[in-house]
>>> print(open('entry36.cif').read())   # mmCIF, C-alpha atoms and all ligand atoms
data_target
#
loop_
_atom_site.label_atom_id
_atom_site.label_comp_id
_atom_site.auth_asym_id
_atom_site.auth_seq_id
_atom_site.Cartn_x
_atom_site.Cartn_y
_atom_site.Cartn_z
CA MET A 1 195.27 83.79 368.14
CA THR A 2 196.13 83.44 364.49
CA VAL A 3 199.81 83.48 363.71
CA GLN A 4 199.77 82.12 360.21
CA THR A 5 197.22 82.40 357.45
CA LYS A 6 198.12 79.05 355.96
CA PRO A 7 199.74 76.26 357.93
CA PRO A 8 202.89 74.80 356.42
CA PRO A 9 202.83 71.13 355.41
CA ILE A 10 202.01 68.79 358.25
CA THR A 11 205.54 67.54 358.80
CA CYS A 12 206.81 71.05 359.60
CA ALA A 13 203.64 72.25 361.27
CA ALA A 14 204.23 70.42 364.54
CA VAL A 15 207.63 72.04 364.95
CA VAL A 16 206.33 75.53 364.16
CA ALA A 17 203.43 75.11 366.56
CA CYS A 18 205.67 74.04 369.44
CA VAL A 19 208.08 76.94 368.91
CA LEU A 20 205.09 79.24 369.17
CA GLY A 21 203.98 77.56 372.35
CA CYS A 22 201.01 75.83 370.77
CA ASN A 23 199.82 72.30 371.14
CA ASP A 24 201.51 69.33 369.58
CA LEU A 25 199.64 67.50 366.90
CA PRO A 26 198.15 64.32 368.30
CA GLU A 27 199.96 61.12 367.46
CA LEU A 28 198.55 59.13 364.53
CA ARG A 29 197.14 56.01 366.15
CA TYR A 30 194.39 54.67 363.89
CA GLU A 31 194.32 53.74 360.24
CA THR A 32 191.40 52.96 357.95
CA GLU A 33 191.36 52.69 354.17
CA HIS A 34 190.84 56.43 353.69
CA LEU A 35 191.87 57.91 357.03
CA ARG A 36 194.89 58.29 359.29
CA ILE A 37 193.60 59.45 362.65
CA GLY A 38 195.64 61.08 365.39
CA THR A 39 194.23 61.43 368.90
CA ALA A 40 195.59 63.17 371.95
CA SER A 41 195.09 60.12 374.14
CA ASP A 42 195.27 56.42 373.55
CA GLY A 43 191.92 54.61 373.44
CA LEU A 44 189.91 57.65 372.41
CA LEU A 45 188.18 55.84 369.57
CA CYS A 46 186.51 52.46 369.30
CA GLN A 47 185.88 50.31 366.24
CA GLY A 48 182.40 51.79 365.73
CA ASN A 49 183.79 55.32 365.38
CA LEU A 50 186.38 54.17 362.85
CA ASP A 51 183.87 52.16 360.80
CA HIS A 52 181.39 55.05 360.84
CA TYR A 53 183.91 57.65 359.61
CA GLU A 54 185.13 55.26 356.95
CA ARG A 55 181.55 54.58 355.77
CA LEU A 56 180.88 58.31 355.69
CA ILE A 57 183.85 58.82 353.35
CA THR A 58 182.65 56.02 351.07
CA THR A 59 179.11 57.45 351.00
CA LEU A 60 180.41 60.94 350.20
CA GLU A 61 182.61 59.54 347.44
CA GLN A 62 179.51 58.03 345.85
CA GLN A 63 177.35 61.12 346.38
CA LEU A 64 179.95 63.45 344.94
CA GLY A 65 181.25 61.10 342.24
CA THR A 66 184.84 61.36 343.41
CA SER A 67 187.44 59.22 345.12
CA VAL A 68 189.82 59.89 347.98
CA ARG A 69 193.16 58.68 346.65
CA THR A 70 195.43 60.00 349.40
CA PRO A 71 194.46 59.16 352.96
CA ILE A 72 192.98 62.11 354.85
CA HIS A 73 194.80 62.97 358.06
CA VAL A 74 192.43 63.60 360.95
CA TYR A 75 193.55 65.15 364.24
CA LEU A 76 190.86 64.62 366.79
CA TRP A 77 190.46 66.17 370.23
CA ASP A 78 187.63 65.42 372.59
CA GLU A 79 187.32 68.98 373.81
CA SER A 80 186.65 71.98 371.61
CA ARG A 81 188.47 74.62 373.71
CA PHE A 82 191.61 73.76 371.80
CA PHE A 83 190.88 75.29 368.42
CA PRO A 84 190.85 79.05 368.94
CA ASP A 85 194.29 78.91 370.60
CA SER A 86 195.82 76.17 368.56
CA GLY A 87 197.23 77.84 365.48
CA TRP A 88 195.87 74.93 363.42
CA CYS A 89 192.57 76.58 362.54
CA ASP A 90 192.75 80.29 361.74
CA ASP A 91 189.55 81.47 363.34
CA SER A 92 187.22 78.51 363.61
CA LEU A 93 185.92 77.68 367.05
CA ILE A 94 185.05 74.11 366.30
CA GLY A 95 187.55 72.73 363.82
CA CYS A 96 188.72 73.08 360.26
CA TYR A 97 190.02 71.37 357.16
CA ARG A 98 193.36 72.57 355.80
CA GLN A 99 195.44 71.10 353.01
CA GLY A 100 194.65 67.43 353.38
CA ALA A 101 194.17 67.44 357.14
CA VAL A 102 191.11 67.68 359.37
CA TYR A 103 191.42 69.28 362.84
CA ALA A 104 188.24 68.51 364.71
CA ASP A 105 186.39 67.32 367.76
CA PHE A 106 183.58 64.78 367.92
CA ILE A 107 181.00 67.39 366.99
CA SER A 108 182.78 68.92 364.00
CA ILE A 109 184.52 65.89 362.49
CA GLU A 110 181.74 64.89 360.08
CA HIS A 111 181.39 68.45 358.75
CA GLU A 112 185.15 68.68 358.21
CA LEU A 113 185.28 65.29 356.48
CA VAL A 114 182.84 66.62 353.86
CA HIS A 115 185.29 69.48 353.18
CA ALA A 116 188.07 66.92 352.79
CA VAL A 117 186.11 64.87 350.23
CA VAL A 118 185.00 67.97 348.27
CA ASP A 119 188.65 69.03 348.18
CA THR A 120 189.48 65.96 346.05
CA PHE A 121 187.77 67.56 343.04
CA ALA A 122 186.85 71.19 343.74
CA THR A 123 187.78 74.34 345.64
CA PRO A 124 184.50 76.22 345.97
CA THR A 125 184.03 79.66 347.55
CA PRO A 126 183.14 79.69 351.29
CA PHE A 127 179.40 80.00 350.57
CA TRP A 128 179.38 76.83 348.46
CA SER A 129 182.00 75.02 350.48
CA GLU A 130 180.21 75.49 353.81
CA GLY A 131 176.89 74.90 352.08
CA ALA A 132 178.11 71.50 350.89
CA ALA A 133 179.49 70.58 354.32
CA MET A 134 176.14 71.44 355.93
CA ALA A 135 173.97 69.85 353.23
CA LEU A 136 175.90 66.56 353.06
CA GLY A 137 176.48 66.21 356.80
CA SER A 138 174.49 64.22 359.30
CA SER A 139 172.16 66.97 360.55
CA ARG A 140 169.06 68.58 359.13
CA THR A 141 169.38 71.83 357.25
CA PHE A 142 166.91 74.64 357.81
CA PHE A 143 166.28 78.30 356.99
CA GLY A 144 168.56 80.83 358.66
CA GLU A 145 168.08 84.38 359.86
CA THR A 146 169.61 85.78 356.66
CA SER A 147 169.05 85.07 352.98
CA PRO A 148 171.41 83.16 350.66
CA VAL A 149 172.03 86.28 348.51
CA ASP A 150 173.17 88.21 351.60
CA ASN A 151 175.82 85.58 352.28
CA LEU A 152 177.25 84.95 348.81
CA ASP A 153 180.45 86.93 349.26
CA LEU A 154 181.07 86.41 352.94
CA HIS A 155 184.05 84.49 354.23
CA ALA A 156 183.61 81.47 356.47
CA SER A 157 183.08 81.65 360.24
CA PRO A 158 182.15 83.91 361.85
CA GLN A 159 180.81 86.21 359.06
CA LEU A 160 179.06 83.60 356.94
CA ASP A 161 175.67 82.37 358.10
CA TYR A 162 176.05 78.59 357.66
CA ARG A 163 172.33 77.82 357.86
CA PRO A 164 171.14 79.49 354.65
CA ALA A 165 174.30 78.29 352.90
CA GLY A 166 173.46 74.69 353.86
CA HIS A 167 169.71 74.86 353.30
CA PHE A 168 170.07 76.53 349.90
CA SER A 169 172.63 73.91 348.81
CA ARG A 170 170.31 71.16 349.95
CA TRP A 171 167.40 72.73 348.04
CA LEU A 172 169.60 72.77 344.92
CA LEU A 173 170.42 69.09 345.44
CA GLU A 174 166.73 68.22 345.84
CA THR A 175 165.47 70.27 342.91
CA HIS A 176 168.32 70.07 340.38
CA GLY A 177 170.21 66.91 341.30
CA LEU A 178 173.76 65.92 342.06
CA GLU A 179 175.25 66.27 338.61
CA LEU A 180 174.68 70.03 338.41
CA TYR A 181 175.66 70.43 342.05
CA ARG A 182 179.03 68.82 341.38
CA GLU A 183 179.46 71.21 338.45
CA LEU A 184 178.62 74.12 340.71
CA LEU A 185 181.30 73.09 343.22
CA ARG A 186 183.84 72.91 340.41
CA ALA A 187 182.81 76.16 338.71
CA ARG A 188 185.22 79.09 338.80
CA GLY A 189 184.63 82.69 339.79
CA SER A 190 182.68 84.30 342.59
CA SER A 191 179.83 82.45 344.33
CA ARG A 192 177.36 84.27 342.08
CA GLU A 193 179.31 83.63 338.86
CA ALA A 194 179.71 79.95 339.68
CA PHE A 195 175.98 79.62 340.34
CA GLU A 196 174.65 81.62 337.41
CA ARG A 197 176.96 79.85 334.97
CA THR A 198 175.87 76.42 336.23
CA TYR A 199 172.14 76.86 336.72
CA ASP A 200 171.30 79.35 333.99
CA MET A 201 169.30 81.66 336.26
CA THR A 202 170.16 84.56 338.52
CA MET A 203 170.68 84.07 342.23
CA GLU A 204 167.68 86.31 342.87
CA GLU A 205 165.43 84.12 340.70
CA ALA A 206 166.71 81.00 342.44
CA GLN A 207 166.29 82.51 345.88
CA GLU A 208 162.67 83.38 345.14
CA LEU A 209 161.98 79.77 344.18
CA TYR A 210 163.88 78.53 347.24
CA PHE A 211 161.80 80.63 349.62
CA ALA A 212 158.63 79.40 347.91
CA GLU A 213 159.54 75.70 347.71
CA ALA A 214 161.97 74.63 350.43
CA PRO A 215 160.47 73.08 353.57
CA HIS A 216 161.31 74.44 357.01
CA ALA A 217 163.85 71.61 357.33
CA TYR A 218 165.20 68.83 355.14
CA GLY A 219 165.98 65.43 356.62
CA ALA A 220 169.69 64.63 356.75
CA LEU A 221 171.21 62.76 353.80
CA ASN A 222 173.32 60.67 356.17
CA THR A 223 171.53 59.73 359.37
CA CYS A 224 171.20 56.78 361.78
CA ASP A 225 173.87 54.72 360.09
CA HIS A 226 173.76 51.96 362.74
CA PRO A 227 172.52 48.36 362.97
CA ASP A 228 168.85 47.69 363.65
CA LEU A 229 167.79 46.52 367.08
CA PRO A 230 166.53 43.02 366.19
CA GLN A 231 162.80 42.38 366.46
CA THR A 232 162.17 39.42 368.77
CA GLY A 233 158.38 39.36 368.88
CA ASP A 234 155.22 41.30 368.22
CA LEU A 235 156.10 44.92 369.09
CA GLN A 236 159.23 43.72 370.90
CA TRP A 237 162.90 44.20 370.10
CA SER A 238 165.87 42.98 372.09
CA GLU A 239 169.59 42.34 371.91
CA THR A 240 172.45 41.42 374.20
CA ILE A 241 175.34 43.60 373.15
CA GLU A 242 179.01 43.11 373.93
CA ILE A 243 180.27 46.61 374.73
CA ASP A 244 183.89 46.02 373.80
CA CYS A 245 185.88 48.88 372.26
CA ALA A 246 187.41 46.54 369.70
CA ALA A 247 184.04 45.14 368.55
CA PRO A 248 182.23 46.48 365.47
CA ASN A 249 179.61 49.18 366.13
CA VAL A 250 180.92 49.99 369.61
CA TRP A 251 181.59 53.69 370.08
CA GLY A 252 183.89 55.50 372.48
CA THR A 253 185.12 58.86 373.66
CA SER A 254 187.75 59.35 376.34
CA GLN A 255 184.99 59.24 378.95
CA VAL A 256 182.46 56.67 377.82
CA ILE A 257 181.96 53.61 375.69
CA GLY A 258 178.71 52.39 374.24
CA ALA A 259 176.64 51.16 371.32
CA LEU A 260 174.02 52.61 368.99
CA ARG A 261 171.04 50.81 367.48
CA VAL A 262 168.16 51.85 365.23
CA LEU A 263 164.59 51.13 366.33
CA THR A 264 161.89 51.21 363.65
CA VAL A 265 158.43 51.85 365.06
CA THR A 266 155.46 51.17 362.76
CA GLU A 267 152.60 51.56 365.25
CA ARG A 268 151.97 54.53 367.45
CA GLY A 269 151.82 53.54 371.11
CA PHE A 270 153.52 53.34 374.47
CA TYR A 271 156.80 51.45 374.65
CA GLU A 272 158.94 50.46 377.60
CA LEU A 273 162.69 50.90 377.05
CA THR A 274 165.09 49.09 379.36
CA THR A 275 168.80 48.40 379.48
CA THR A 276 171.27 46.95 381.95
CA GLU A 277 173.75 49.65 380.89
CA GLN A 278 174.44 52.72 383.02
CA GLU A 279 172.81 55.12 380.57
CA GLY A 280 170.26 54.75 377.82
CA ALA A 281 168.85 57.44 375.53
CA ILE A 282 166.69 57.76 372.42
CA ILE A 283 166.61 60.42 369.71
CA PRO A 284 164.66 60.56 366.44
CA CYS A 285 166.57 59.91 363.23
CA PHE A 286 166.71 62.92 360.91
CA ASP A 287 164.80 61.09 358.17
CA GLU A 288 161.84 63.21 357.19
CA ASP A 289 161.57 66.72 355.83
CA LEU A 290 159.62 69.04 358.12
CA GLU A 291 157.28 71.50 356.43
CA HIS A 292 156.98 73.46 359.67
CA PRO A 293 158.91 73.55 362.96
CA VAL A 294 157.94 70.73 365.34
CA LEU A 295 157.55 71.98 368.88
CA VAL A 296 158.59 69.77 371.78
CA GLY A 297 155.38 68.92 373.61
CA ASP A 298 153.21 68.80 370.46
CA PRO A 299 150.95 65.80 371.21
CA ASN A 300 151.01 64.73 367.55
CA TYR A 301 154.60 63.56 367.87
CA GLY A 302 154.70 61.68 371.20
CA ASP A 303 157.56 61.88 373.70
CA VAL A 304 160.45 61.91 371.21
CA PRO A 305 159.44 64.51 368.61
CA PRO A 306 161.40 65.06 365.37
CA ALA A 307 162.50 68.55 366.42
CA SER A 308 164.64 70.34 363.85
CA GLY A 309 167.91 70.15 365.76
CA GLY A 310 167.19 66.85 367.52
CA PHE A 311 165.60 65.86 370.81
CA LEU A 312 167.14 63.44 373.30
CA GLN A 313 165.14 61.56 375.89
CA VAL A 314 166.98 59.57 378.58
CA PHE A 315 165.24 56.34 379.61
CA THR A 316 167.47 55.28 382.52
CA GLY A 317 168.17 56.67 385.98
CA ASP A 318 166.20 59.03 388.20
CA ARG A 319 165.63 61.66 385.55
CA GLY A 320 164.88 59.17 382.83
CA LYS A 321 161.48 58.14 381.53
CA SER A 322 161.30 54.46 380.69
CA VAL A 323 157.80 54.34 379.17
CA LEU A 324 157.52 56.60 376.15
CA GLU A 325 154.84 57.30 373.61
CA LEU A 326 156.41 56.84 370.18
CA VAL A 327 154.99 57.61 366.76
CA PRO A 328 155.96 55.67 363.61
CA GLY A 329 159.48 56.39 362.42
CA ARG A 330 163.10 55.49 363.01
CA TYR A 331 164.85 56.26 366.28
CA GLU A 332 168.45 56.00 367.41
CA LEU A 333 169.00 54.24 370.74
CA SER A 334 172.26 54.69 372.60
CA ILE A 335 173.51 52.82 375.64
CA ALA A 336 176.79 53.61 377.38
CA HIS A 337 178.88 53.47 380.54
CA GLU A 338 181.74 55.51 381.91
CA GLY A 339 185.24 54.23 381.28
CA HIS A 340 186.37 51.76 378.65
CA GLU A 341 185.93 48.43 380.44
CA THR A 342 184.23 45.69 378.45
CA ARG A 343 180.69 44.81 379.55
CA THR A 344 177.76 42.84 378.24
CA ALA A 345 174.50 44.78 378.18
CA ALA A 346 170.89 43.99 377.38
CA LEU A 347 168.72 46.45 375.47
CA THR A 348 164.99 45.80 375.16
CA VAL A 349 162.02 47.71 373.80
CA ARG A 350 158.49 46.33 374.16
CA ALA A 351 154.95 47.61 373.87
CA ALA A 352 153.60 48.91 377.17
CA THR A 353 150.00 49.28 378.23
CA GLY A 354 150.29 53.01 378.89
CA PRO A 355 152.33 55.71 380.50
CA ILE A 356 153.67 55.22 384.02
CA PRO A 357 151.10 56.89 386.31
CA GLN A 358 152.43 60.23 387.50
CA THR A 359 152.27 60.94 391.21
CA PRO A 360 151.62 64.61 392.12
CA GLU A 361 155.29 64.98 393.22
CA SER A 362 156.80 63.54 390.04
CA ALA A 363 154.38 65.46 387.85
CA GLY A 364 155.30 68.72 389.56
ZN ZN B 401 183.11 74.16 357.33
#
>>> encode(input="entry36.cif", output="structure tokens", more="lines below")
Ligand SMILES: [Zn+2]
Amino acid sequence: MTVQTKPPPITCAAVVACVLGCNDLPELRYETEHLRIGTASDGLLCQGNLDHYERLITTLEQQLGTSVRTPIHVYLWDESRFFPDSGWCDDSLIGCYRQGAVYADFISIEHELVHAVVDTFATPTPFWSEGAAMALGSSRTFFGETSPVDNLDLHASPQLDYRPAGHFSRWLLETHGLELYRELLRARGSSREAFERTYDMTMEEAQELYFAEAPHAYGALNTCDHPDLPQTGDLQWSETIEIDCAAPNVWGTSQVIGALRVLTVTERGFYELTTTEQEGAIIPCFDEDLEHPVLVGDPNYGDVPPASGGFLQVFTGDRGKSVLELVPGRYELSIAHEGHETRTAALTVRAATGPIPQTPESAG
């Protein structure tokens, strides 16, 4: 349901929304240098979330050569069903940025924060605006089903294909640098006019180069922004972590609390991953560009392959796999438990002699 094309200023918006039977805006509960964050429930966020979002803003300020002078208001829900019915976001299913305020869930918040930082110096068309949010976010970009030229004049979700918008923007950043890209975002006119004025070539010429040059996927510009798991010996890493919501680098949602660490593997081999926490998982960082799609199961990449959209392997519990073959690269380790109670947890990775032998039952 969309009842208004542009929300009124925030102070009035809550009243309007309630009259219309919509949801109240969450109460502002957290404050960082650049952010004022409202959440529907108390204790939704931990210090690690706050520090991460704040660092993301600082990184984006540097990348885009701008500064956030007025704190960005962020309204955060931990379920995404809210948005289509809310009246806050016209037609976005996952969140939006409107006039100084982000309305998001845990999945969309980083994308929307890019919009908020871009808004400090430019108001690009949807193709360039969504392209920037995809290209500067914390995921890989890759080719879409449609071409950039086909999307130039489309409005945002659901008409615009975000993938080619993001991948083409990222290709521009890689091949022509940030300075021109900032000019592009600031340029006036249609998507095509803004581009052709800034880059001195037609969109068709650029698209031909893009299809010839861009890899299947670019690594993310902002990825695995967490502390390293300390190395404690030859091919061994270990740490005892205080999982306390108020401690730095501890993350939370309304359901779980946990910590994230980065493991850097330099030698291919089998590694045993253990934790005293309820859940442990490992995913590859989005560091490298991928010339071609990486298929899960490709023996060249071990048990945690750098698949385009990510690949998560649990190493605890019945369905987990505690001995994994890992290839050189950076990985993100997460450990977590349900609820918000403070616990101390050990996390250890060490070289193992080989995979755990599979019995016929477990292999089947
Ligand atoms: Zn967006």
>>> residues_near_ligand(input="entry36.cif", ligand="ligand ZN 401 (chain B)", cutoff="6 Å", atoms="all atoms listed in the file", output="list in words")
Glu112, Glu130 and Ala133 of chain A
>>> atom_distance(input="entry36.cif", atom1="atom CA of Phe106 of chain A", atom2="atom CA of Ser322 of chain A")
27.7 Å
>>> closest_residue(input="entry36.cif", among="A:Val349, A:Leu312, A:Ala194, A:Leu180", to="Thr264 of chain A", atoms="all atoms listed in the file")
A:Val349
>>> closest_residue(input="entry36.cif", among="A:Leu290, A:Leu209, A:Val304, A:Val265", to="Pro328 of chain A", atoms="all atoms listed in the file")
A:Val265
>>> closest_residue(input="entry36.cif", among="A:Ala156, A:Val250, A:Ala187, A:Ala135", to="Cys89 of chain A", atoms="only C-alpha atoms")
A:Ala156
>>> closest_residue(input="entry36.cif", among="A:Asp90, A:Asp119, A:Glu183, A:Glu193", to="Asp153 of chain A", atoms="only C-alpha atoms")
A:Glu193
>>> build_atoms(input="entry36.cif", residues="segment 222-234 of chain A", atoms="N, CA and C atoms", output="compact mmCIF listing (two decimals), keeping the file's coordinate frame")
# COMPACT_ATOMS: atom_id res chain seq x y z
N ASN A 222 172.64 61.78 355.49
CA ASN A 222 173.32 60.67 356.17
C ASN A 222 172.89 60.68 357.63
N THR A 223 172.02 59.74 358.00
CA THR A 223 171.53 59.73 359.37
C THR A 223 171.30 58.30 359.85
N CYS A 224 171.48 58.08 361.14
CA CYS A 224 171.20 56.78 361.78
C CYS A 224 171.83 55.61 361.02
N ASP A 225 173.10 55.72 360.82
CA ASP A 225 173.87 54.72 360.09
C ASP A 225 174.37 53.66 361.09
N HIS A 226 173.41 52.94 361.71
CA HIS A 226 173.76 51.96 362.74
C HIS A 226 172.92 50.71 362.53
N PRO A 227 173.31 49.58 363.14
CA PRO A 227 172.52 48.36 362.97
C PRO A 227 171.13 48.49 363.60
N ASP A 228 170.19 47.72 363.06
CA ASP A 228 168.85 47.69 363.65
C ASP A 228 168.88 46.92 364.96
N LEU A 229 168.05 47.35 365.90
CA LEU A 229 167.79 46.52 367.08
C LEU A 229 166.88 45.39 366.62
N PRO A 230 167.31 44.12 366.78
CA PRO A 230 166.53 43.02 366.19
C PRO A 230 165.13 42.88 366.82
N GLN A 231 164.16 42.63 365.97
CA GLN A 231 162.80 42.38 366.46
C GLN A 231 162.72 40.95 366.96
N THR A 232 162.20 40.75 368.17
CA THR A 232 162.17 39.42 368.77
C THR A 232 160.75 38.95 369.02
N GLY A 233 159.77 39.76 368.67
CA GLY A 233 158.38 39.36 368.88
C GLY A 233 157.49 40.46 368.38
N ASP A 234 156.17 40.29 368.63
CA ASP A 234 155.22 41.30 368.22
C ASP A 234 155.45 42.57 369.06
